[in-house]
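Text of upload_34.txt (compact mmCIF, C-alpha atoms and all ligand atoms) as supplied:
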```txt
# COMPACT_ATOMS: atom_id res chain seq x y z
CA MET A 1 231.91 88.19 100.96
CA ILE A 2 228.47 87.05 99.97
CA ILE A 3 226.35 84.45 101.70
CA LYS A 4 225.01 81.95 99.20
CA THR A 5 223.38 79.25 101.29
CA ILE A 6 222.08 78.80 104.82
CA LYS A 7 221.20 75.41 106.20
CA LEU A 8 219.70 74.83 109.63
CA ASN A 9 219.13 71.68 111.66
CA ASN A 10 217.24 71.73 114.97
CA PHE A 11 217.63 75.47 115.22
CA ARG A 12 214.64 76.75 117.26
CA CYS A 13 211.48 75.55 115.46
CA HIS A 14 213.41 74.56 112.31
CA GLU A 15 214.04 70.85 112.22
CA GLU A 16 215.45 71.34 108.76
CA TYR A 17 215.64 74.52 106.74
CA PHE A 18 217.49 75.59 103.64
CA LEU A 19 217.80 78.99 102.02
CA GLU A 20 219.60 79.84 98.81
CA CYS A 21 220.35 83.51 98.24
CA GLU A 22 220.12 84.40 94.60
CA LYS A 23 220.31 88.15 94.96
CA SER A 24 221.96 90.50 97.42
CA THR A 25 218.58 91.01 99.09
CA ALA A 26 216.74 88.01 100.49
CA MET A 27 213.12 88.11 101.60
CA ILE A 28 211.89 85.82 104.32
CA SER A 29 208.18 85.99 104.90
CA GLY A 30 205.86 83.87 107.01
CA GLU A 31 203.25 83.87 109.72
CA ASN A 32 203.98 84.97 113.28
CA GLY A 33 205.92 82.23 115.01
CA SER A 34 206.97 80.56 111.76
CA GLY A 35 210.66 81.06 112.54
CA LYS A 36 211.72 84.19 110.65
CA THR A 37 213.68 85.81 113.46
CA SER A 38 215.30 82.44 114.14
CA ILE A 39 216.76 82.42 110.62
CA LEU A 40 218.30 85.86 111.21
CA GLU A 41 219.54 84.61 114.56
CA ALA A 42 221.29 81.71 112.82
CA ILE A 43 222.94 84.03 110.29
CA TYR A 44 224.08 86.29 113.12
CA GLU A 45 225.41 83.27 114.98
CA ILE A 46 227.74 82.33 112.13
CA LEU A 47 228.82 85.89 111.39
CA GLN A 48 229.45 86.91 115.00
CA GLY A 49 230.00 83.60 116.76
CA ARG A 50 227.00 83.92 119.05
CA SER A 51 223.29 84.69 119.14
CA PHE A 52 221.90 88.17 119.70
CA ARG A 53 219.09 86.94 121.91
CA ALA A 54 219.80 83.73 123.76
CA VAL A 55 222.24 81.12 124.97
CA ASP A 56 222.79 77.96 122.91
CA ARG A 57 220.79 75.73 125.22
CA GLU A 58 217.63 77.73 124.49
CA ILE A 59 218.21 77.64 120.76
CA VAL A 60 218.30 73.88 120.29
CA ARG A 61 214.93 72.65 119.10
CA ARG A 62 213.01 71.30 122.07
CA GLY A 63 213.75 67.61 122.51
CA ALA A 64 216.72 67.60 120.11
CA GLU A 65 220.33 66.84 121.09
CA PHE A 66 222.13 69.40 118.97
CA TYR A 67 221.72 72.25 116.56
CA ARG A 68 223.70 72.86 113.44
CA VAL A 69 224.03 75.89 111.17
CA GLU A 70 225.92 75.79 107.92
CA MET A 71 226.61 78.83 105.85
CA GLY A 72 228.14 78.71 102.39
CA TYR A 73 229.85 81.74 100.91
CA GLU A 74 230.20 82.77 97.30
CA ASP A 75 233.92 81.98 97.26
CA GLY A 76 233.20 78.38 98.23
CA GLU A 77 234.15 78.80 101.89
CA ARG A 78 231.88 77.12 104.42
CA VAL A 79 231.41 77.86 108.12
CA ILE A 80 229.56 75.41 110.33
CA GLY A 81 228.45 75.91 113.91
CA VAL A 82 227.36 72.93 115.99
CA TYR A 83 226.13 72.90 119.57
CA GLU A 84 225.73 69.67 121.52
CA VAL A 85 223.36 69.73 124.50
CA GLU A 86 224.85 66.84 126.46
CA LYS A 87 228.39 68.20 126.37
CA ASP A 88 227.16 71.81 126.56
CA LYS A 89 229.74 72.46 123.88
CA LYS A 90 229.83 74.56 120.75
CA THR A 91 232.21 73.93 117.88
CA PHE A 92 232.90 75.88 114.73
CA LEU A 93 234.16 74.10 111.67
CA VAL A 94 236.00 76.25 109.19
CA GLY A 95 237.69 74.46 106.33
CA ASP A 96 239.22 71.47 108.10
CA LYS A 97 239.76 73.29 111.39
CA LYS A 98 237.69 72.84 114.53
CA THR A 99 237.52 75.65 117.07
CA ALA A 100 235.49 76.48 120.16
CA ARG A 101 235.21 80.11 119.11
CA LEU A 102 234.65 81.61 115.72
CA PRO A 103 238.09 82.64 114.41
CA LYS A 104 238.49 86.40 114.11
CA LYS A 105 239.17 86.13 110.40
CA TYR A 106 235.69 84.73 109.88
CA LYS A 107 233.91 87.27 112.04
CA TYR A 108 231.76 89.50 109.97
CA PRO A 109 230.07 92.78 110.96
CA VAL A 110 226.29 92.77 111.21
CA VAL A 111 223.79 95.58 111.43
CA LEU A 112 220.72 94.14 113.09
CA PHE A 113 217.54 96.18 112.97
CA GLU A 114 214.86 94.89 115.32
CA PRO A 115 211.36 96.27 115.90
CA SER A 116 212.32 97.25 119.46
CA ASP A 117 215.08 99.49 118.06
CA LEU A 118 212.36 101.80 116.84
CA ASN A 119 211.63 102.50 120.52
CA LEU A 120 215.26 103.01 121.48
CA VAL A 121 214.80 106.69 122.25
CA SER A 122 212.18 106.00 124.93
CA ALA A 123 213.52 102.63 126.10
CA SER A 124 215.26 101.99 129.42
CA PRO A 125 218.84 103.18 129.94
CA GLY A 126 219.91 99.53 130.17
CA ARG A 127 218.48 98.80 126.75
CA ARG A 128 220.29 101.80 125.27
CA ARG A 129 223.57 100.77 126.89
CA GLU A 130 223.13 97.27 125.51
CA TYR A 131 222.44 98.67 122.06
CA PHE A 132 225.56 100.82 121.90
CA ASP A 133 227.69 98.18 123.63
CA ARG A 134 226.79 95.71 120.91
CA PHE A 135 227.86 98.22 118.29
CA LEU A 136 231.08 99.11 120.10
CA GLY A 137 231.80 95.44 120.72
CA GLN A 138 231.73 94.79 116.98
CA MET A 139 233.94 97.80 116.36
CA SER A 140 236.57 96.61 118.79
CA GLU A 141 237.31 93.31 120.44
CA LYS A 142 239.26 95.19 123.08
CA TYR A 143 236.10 97.04 124.03
CA SER A 144 234.08 93.86 124.57
CA ASN A 145 236.90 92.28 126.56
CA SER A 146 237.26 95.33 128.78
CA LEU A 147 233.52 95.54 129.31
CA ALA A 148 233.35 91.87 130.28
CA LYS A 149 236.20 92.41 132.74
CA TYR A 150 234.53 95.50 134.14
CA ASN A 151 231.24 93.67 134.69
CA LYS A 152 233.03 90.83 136.43
CA ALA A 153 234.92 93.20 138.72
CA LEU A 154 231.70 95.11 139.42
CA LYS A 155 229.92 91.91 140.40
CA GLN A 156 232.76 91.00 142.72
CA ARG A 157 232.84 94.43 144.34
CA ASN A 158 229.08 94.23 144.88
CA GLU A 159 229.37 90.80 146.44
CA LEU A 160 232.07 92.08 148.72
CA LEU A 161 229.90 95.05 149.75
CA LYS A 162 227.11 92.71 150.79
CA GLY A 163 229.40 90.56 152.94
CA GLU A 164 229.90 90.73 156.71
CA GLY A 165 232.69 92.83 158.23
CA VAL A 166 233.83 94.46 155.03
CA ASP A 167 236.34 97.22 155.36
CA PHE A 168 237.57 99.96 153.09
CA ALA A 169 240.89 98.30 152.27
CA MET A 170 239.24 95.14 150.96
CA ALA A 171 237.58 97.03 148.13
CA PHE A 172 240.79 98.69 147.01
CA SER A 173 241.86 96.31 144.25
CA TRP A 174 238.34 96.26 142.79
CA ASN A 175 238.18 100.05 142.90
CA VAL A 176 241.47 100.32 141.03
CA MET A 177 240.33 97.87 138.40
CA LEU A 178 236.93 99.53 137.93
CA ALA A 179 238.60 102.93 137.62
CA ARG A 180 241.07 101.76 135.00
CA LEU A 181 238.53 99.87 132.88
CA GLY A 182 235.79 102.44 133.48
CA VAL A 183 237.89 105.27 132.08
CA GLU A 184 238.88 103.17 129.07
CA ILE A 185 235.26 102.20 128.32
CA GLU A 186 233.94 105.71 128.80
CA LYS A 187 236.59 107.04 126.42
CA ALA A 188 235.50 104.59 123.74
CA ARG A 189 231.85 105.52 124.27
CA ARG A 190 232.55 109.23 123.97
CA GLU A 191 234.68 108.78 120.86
CA MET A 192 232.01 106.66 119.22
CA ILE A 193 229.30 109.21 119.97
CA GLU A 194 231.51 111.98 118.62
CA ARG A 195 231.96 110.10 115.34
CA VAL A 196 228.24 109.37 115.10
CA ASN A 197 227.38 113.01 115.78
CA ARG A 198 229.54 114.15 112.88
CA LYS A 199 227.12 112.43 110.50
CA LEU A 200 223.83 112.15 112.35
CA THR A 201 222.10 115.41 111.41
CA GLU A 202 223.10 115.14 107.77
CA LYS A 203 221.92 111.54 107.49
CA TYR A 204 218.71 112.36 109.28
CA ARG A 205 218.01 115.25 106.92
CA SER A 206 218.59 113.05 103.90
CA ILE A 207 215.80 110.78 105.13
CA ALA A 208 213.40 113.23 106.69
CA GLU A 209 214.01 116.12 104.29
CA ASN A 210 213.76 118.84 106.90
CA LYS A 211 216.02 121.07 108.94
CA ASP A 212 216.08 119.45 112.36
CA GLU A 213 219.23 119.12 114.37
CA ILE A 214 219.98 115.71 115.91
CA TRP A 215 222.50 115.12 118.65
CA LEU A 216 223.57 112.17 120.81
CA GLU A 217 225.10 112.45 124.25
CA VAL A 218 226.49 110.09 126.84
CA SER A 219 225.03 110.96 130.21
CA GLY A 220 225.62 109.41 133.60
CA ASP A 221 227.94 109.75 136.56
CA LEU A 222 230.92 110.73 134.42
CA ALA A 223 229.15 113.25 132.22
CA GLY A 224 230.84 116.58 131.82
CA GLY A 225 233.75 115.69 134.04
CA GLU A 226 237.28 114.99 133.00
CA LEU A 227 238.11 111.37 132.33
CA GLU A 228 240.82 110.47 134.70
CA GLU A 229 241.53 107.28 136.66
CA GLY A 230 242.50 109.12 139.83
CA ARG A 231 239.23 110.98 139.94
CA TYR A 232 237.23 107.85 139.20
CA LEU A 233 239.02 106.03 142.01
CA ARG A 234 238.40 108.87 144.49
CA GLU A 235 234.69 108.84 143.62
CA LEU A 236 234.49 105.10 144.31
CA GLU A 237 236.36 105.49 147.59
CA ALA A 238 234.24 108.42 148.72
CA ARG A 239 231.12 106.34 148.23
CA PHE A 240 232.35 103.25 149.99
CA GLU A 241 230.20 103.63 153.14
CA ARG A 242 227.12 104.47 151.16
CA ASP A 243 227.69 101.59 148.73
CA ARG A 244 228.07 99.22 151.66
CA ILE A 245 224.65 100.22 152.98
CA LEU A 246 223.12 100.05 149.49
CA GLY A 247 224.82 96.75 148.71
CA HIS A 248 225.88 97.88 145.27
CA THR A 249 228.22 100.28 143.46
CA SER A 250 226.57 103.65 143.00
CA PHE A 251 229.14 105.25 140.71
CA GLY A 252 230.46 104.25 137.34
CA ILE A 253 229.99 103.58 133.66
CA HIS A 254 227.45 100.82 134.35
CA ARG A 255 225.04 103.68 135.09
CA ASP A 256 225.68 105.53 131.81
CA ASP A 257 222.86 106.48 129.54
CA TYR A 258 222.58 107.89 126.03
CA ARG A 259 220.39 110.89 125.31
CA PHE A 260 218.94 111.70 121.92
CA LEU A 261 218.49 115.41 121.44
CA PHE A 262 216.10 116.82 118.88
CA ASN A 263 216.72 120.50 118.12
CA GLY A 264 218.46 120.76 121.48
CA LYS A 265 215.60 119.18 123.46
CA GLU A 266 215.21 115.64 124.76
CA ALA A 267 213.86 113.76 121.72
CA ASP A 268 211.74 111.52 123.92
CA GLY A 269 208.71 113.73 124.33
CA SER A 270 209.54 116.37 121.74
CA ALA A 271 210.14 114.51 118.46
CA SER A 272 207.22 112.86 116.65
CA ARG A 273 207.07 109.12 116.07
CA GLY A 274 208.10 109.58 112.44
CA GLU A 275 210.97 111.84 113.39
CA VAL A 276 212.19 109.33 115.97
CA ARG A 277 212.06 106.60 113.33
CA SER A 278 214.12 108.70 110.93
CA MET A 279 216.67 109.24 113.70
CA ILE A 280 217.01 105.50 114.28
CA VAL A 281 217.22 104.72 110.58
CA ALA A 282 219.95 107.37 110.25
CA LEU A 283 221.79 105.80 113.17
CA LYS A 284 221.69 102.39 111.45
CA PHE A 285 223.24 103.82 108.28
CA ILE A 286 226.02 105.39 110.29
CA GLU A 287 226.65 102.13 112.15
CA ALA A 288 227.02 100.32 108.84
CA GLN A 289 229.44 102.99 107.56
CA GLU A 290 231.48 103.04 110.74
CA LEU A 291 231.78 99.26 110.85
CA TYR A 292 232.89 99.20 107.24
CA MET A 293 235.46 101.93 107.81
CA LYS A 294 236.85 100.29 110.92
CA LEU A 295 236.83 96.65 109.83
CA GLY A 296 237.06 96.93 106.05
CA LYS A 297 234.15 94.53 105.60
CA LYS A 298 230.70 95.56 104.43
CA PRO A 299 228.24 94.58 107.16
CA VAL A 300 225.44 92.15 106.49
CA VAL A 301 222.14 93.88 107.26
CA LEU A 302 219.37 91.99 109.04
CA LEU A 303 216.01 93.78 109.00
CA ASP A 304 213.64 91.93 111.27
CA ASP A 305 210.03 92.97 110.66
CA VAL A 306 210.95 96.63 110.36
CA PHE A 307 210.81 97.18 106.62
CA SER A 308 207.04 96.94 106.37
CA GLU A 309 206.74 99.12 109.49
CA LEU A 310 208.30 102.09 107.73
CA ASP A 311 206.68 104.49 105.28
CA GLU A 312 207.69 104.64 101.67
CA ALA A 313 210.25 107.43 102.02
CA ARG A 314 212.10 105.59 104.78
CA GLN A 315 211.89 102.30 102.90
CA ARG A 316 213.47 103.99 99.88
CA ALA A 317 216.20 105.38 102.10
CA LEU A 318 216.92 101.87 103.43
CA VAL A 319 217.18 100.38 99.97
CA LYS A 320 219.43 103.22 98.78
CA ASN A 321 221.75 103.29 101.77
CA PHE A 322 222.16 99.52 101.97
CA LYS A 323 222.46 98.90 98.24
CA GLU A 324 226.04 97.70 98.59
CA ASN A 325 225.30 95.44 101.55
CA GLN A 326 223.84 92.00 101.62
CA VAL A 327 220.40 92.41 103.19
CA PHE A 328 217.99 89.94 104.76
CA ILE A 329 214.45 91.19 105.28
CA THR A 330 211.76 89.38 107.23
CA SER A 331 208.10 90.28 107.20
CA VAL A 332 204.78 88.80 108.16
CA GLY A 333 203.13 89.65 104.86
CA ALA A 334 204.70 89.98 101.44
CA VAL A 335 206.96 93.02 100.95
CA LYS A 336 206.89 95.15 97.83
CA MET A 337 210.23 96.63 96.87
N1 LIG A 401 214.23 75.90 121.33
C1 LIG A 401 213.09 75.91 120.63
N2 LIG A 401 212.57 74.76 120.16
C2 LIG A 401 211.42 74.74 119.45
N3 LIG A 401 210.74 75.85 119.15
C3 LIG A 401 211.21 77.02 119.58
C4 LIG A 401 212.41 77.12 120.35
N4 LIG A 401 212.64 78.42 120.63
C5 LIG A 401 211.63 79.09 120.09
N5 LIG A 401 210.75 78.27 119.47
C6 LIG A 401 209.55 78.64 118.71
O1 LIG A 401 209.95 78.89 117.41
C7 LIG A 401 208.97 79.68 116.78
C8 LIG A 401 209.63 80.68 115.87
O2 LIG A 401 210.16 81.75 116.57
P1 LIG A 401 210.63 83.08 115.80
O3 LIG A 401 210.85 84.10 116.83
O4 LIG A 401 211.75 82.76 114.89
O5 LIG A 401 209.33 83.38 114.93
P2 LIG A 401 209.00 84.60 113.97
O6 LIG A 401 208.59 84.04 112.64
O7 LIG A 401 210.08 85.59 113.97
O8 LIG A 401 207.71 85.19 114.69
P3 LIG A 401 207.16 86.70 114.76
O9 LIG A 401 206.55 86.99 113.42
O10 LIG A 401 206.11 86.61 115.83
O11 LIG A 401 208.30 87.57 115.10
C9 LIG A 401 208.10 80.24 117.88
O12 LIG A 401 206.86 79.58 117.87
C10 LIG A 401 208.86 79.88 119.15
O13 LIG A 401 208.01 79.65 120.23
MG MG A 402 210.19 87.53 114.69
```
What do you get writing this file as structure tokens?
Amino acid sequence: MIIKTIKLNNFRCHEEYFLECEKSTAMISGENGSGKTSILEAIYEILQGRSFRAVDREIVRRGAEFYRVEMGYEDGERVIGVYEVEKDKKTFLVGDKKTARLPKKYKYPVVLFEPSDLNLVSASPGRRREYFDRFLGQMSEKYSNSLAKYNKALKQRNELLKGEGVDFAMAFSWNVMLARLGVEIEKARREMIERVNRKLTEKYRSIAENKDEIWLEVSGDLAGGELEEGRYLRELEARFERDRILGHTSFGIHRDDYRFLFNGKEADGSASRGEVRSMIVALKFIEAQELYMKLGKKPVVLLDDVFSELDEARQRALVKNFKENQVFITSVGAVKM
């Protein structure tokens, strides 16, 4: 699949915008605030069915009643996404079909590379969870559904904990649900990290040309222990009194974190800025490979302001590793390739 045209109406600052892709790599350059990220956001929207940074209401150009994105593919297929403010309703038009959600068949994997990803190693645990959840969610619809269910159950358990006259028995059904989904989610996270680790050091070395060892780990309440629903449930039950005082759930996969290890030490603090960047670039390549292997579709790569941030060796690595993907690159100044 190759994107040929992108047409926007009332999408963020773009009242009207049209882009024709002549080659597999498209350059979008412009001043700060000219709407570059918004174009990537629109592409993401049509490939994944939703934005990576906001809800539809915020995307509609201020004062407008709707937004519309139309993407034309090389094979003549067209996918249109329309959001109407008054009805608070989004519709996808594919061929002559209208649907509220993007049909699975038209979902397309995306590797998004944002400037903030370069700080992933030292970012907050929440940001790292979000990062890997986005990746896992693309790998498996089951994962995103289970995570959504988990978060809903967690919210309900927390609300219950804050209520008056709560007793142990009332939390039981939420505990059972959190334990079941929590184990399933943690399993998927561990398996994903294991697959990434198989390639991470090698990929890193191909970019950085040195002998460092890179390793990723899931850390958190479940680290090291056996993954078992019964154990998870007992942990939740044992903490009931404490959780009631705290007003939230103090055990579970919502407190997971990911650690980057550099030659066996915490990378945050021991690896240099350049080394950290090579680690992240390596991670992106692996994501693209994993998505392709799992879904059989070559991901579209969106590089938002990062290309010009990288040195020549890492830029070359990006071009080489993504040469079979369709790539969109934004930058403030012109980019030499
Ligand atoms: N709903 C909206 N309606 C109108 N304008 C909006 C809306 N949402 C955002 N904007 C504006 O659109 C402009 C473009 O935003 P965008 O993030 O796409 O710019 P950018 O070119 O990526 O900028 P930068 O180089 O700083 O990253 C910004 O000025 C932003 O304030
Ligand atoms: Mg931007």
### Message
Under the rule that all atoms listed in the file are counted, which of A:Ile39, A:Ala208, A:Val183, A:Leu19 is the nearest residue to Glu226 in chain A?
### Response
A:Val183
### Message
If I take CA of Val111 in chain A and atom C9 of ligand LIG 401 (chain A), how far is one from the other in Å, to one decimal?
### Response
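Distance between the two atoms: 22.9 Å.
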### Query
Counting all atoms listed in the file, which of A:Ile80, A:Leu303, A:Ile245, A:Leu118 gets nearest to ligand LIG 401 (chain A)?
A:Leu303
#### Entry: Spatial neighbours of His14 in chain A, max dist 9 Å, all atoms listed in the file, sep filter under 5 positions, as a PyMOL selection string
chain A and resi 8-9+34-35+38-39+61
Keeping only C-alpha atoms, write those residues as a compact mmCIF listing (two decimals), keeping the file's coordinate frame.
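The new file selection.txt reads:
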```txt
# COMPACT_ATOMS: atom_id res chain seq x y z
CA LEU A 8 219.70 74.83 109.63
CA ASN A 9 219.13 71.68 111.66
CA SER A 34 206.97 80.56 111.76
CA GLY A 35 210.66 81.06 112.54
CA SER A 38 215.30 82.44 114.14
CA ILE A 39 216.76 82.42 110.62
CA ARG A 61 214.93 72.65 119.10
```
### Task
Check every protein, DNA and RNA residue against ligand LIG 401 (chain A), keep those with an atom at most 12 Å away (counting only C-alpha atoms and all ligand atoms), and present them as a ChimeraX atom specification.
/A:9-16,28-42,53-67,85,114-116,303-306,329-333
### Task
Determine, counting all atoms listed in the file, which protein, DNA and RNA residues have an atom within 12 Å of an atom of Ser270 in chain A; residues of the same chain fewer than 2 positions away are not included. Present the result as an MDAnalysis selection string.
chainID A and resid 121:122 212 214 260:268 272:276
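Proximity to ligand MG 402 (chain A) was assessed for A:Ser140, A:Phe113, A:Arg190, A:Arg50 counting only C-alpha atoms and all ligand atoms; the smallest distance is recorded for A:Phe113.
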### Task
Can you pull out every residue within 12 Å of Arg198 in chain A, counting only C-alpha atoms, but drop anything in the same chain fewer than 2 positions away, and send it as JSON, numbers by chain?
{"A": [191, 192, 193, 194, 195, 196, 200, 201, 202, 203, 204, 213, 214, 215, 216, 283, 286, 290]}
### Query
Skipping near chain neighbours, those fewer than 5 positions away, what residues fall within 12 Å of Phe240 in chain A using only C-alpha atoms, listed as a list in words?
Arg157, Asn158, Leu160, Leu161, Lys162, Val166, Asp167, Phe168, Ala169, Met170, Ala171, Phe172, Trp174, Asn175, Leu233, Arg234, Glu235, Ile245, Leu246, Gly247, His248, Thr249, Ser250 and Phe251 of chain A
### Message
as an MDAnalysis selection string, please: the residues near Glu77 in chain A (cut-off 10 Å, all atoms listed in the file, same-chain neighbours under 5 positions excluded).
### Response
chainID A and resid 1 3 71:72 94:95
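In terms of minimum interatomic distance to Lys4 in chain A, A:Gln326 ranks closest within A:Asp117, A:Glu186, A:Gly269, A:Gln326, counting only C-alpha atoms.
Put simply, CA of Lys211 in chain A is 22.6 Å away from CA of Tyr258 in chain A.
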### Coordinates-based distance that separates CA of Ile2 in chain A from CA of Phe328 in chain A (Å, one decimal)
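Atom-to-atom, CA of Phe328 in chain A and CA of Ile2 in chain A are spaced 11.9 Å apart.
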### Task
Around the point (238.6, 97.2, 138.3) in the file's coordinates, collect all residues with an atom within 10 Å, using all atoms listed in the file, and return them as a ChimeraX atom specification.
/A:146,149-154,156-157,171-182,233
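Nearest to Gln289 in chain A of all the residues A:Arg78, A:Lys199, A:Arg127, A:Lys87 is A:Lys199, counting only C-alpha atoms.
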### Query
For Ala313 in chain A, which residue out of A:Glu209, A:Glu184, A:Glu229, A:Glu70 is the nearest one, using only C-alpha atoms?
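Looking at the shortest contact to Ala313 in chain A, the residue is A:Glu209.
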### Query
Once you count only C-alpha atoms, which residues end up no further than 6 Å from (232.9, 86.8, 111.1) in the file's frame, shown as a list in words?
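Final list of nearby residues, as requested, is Leu47, Gln48, Tyr106, Lys107 and Tyr108 of chain A.
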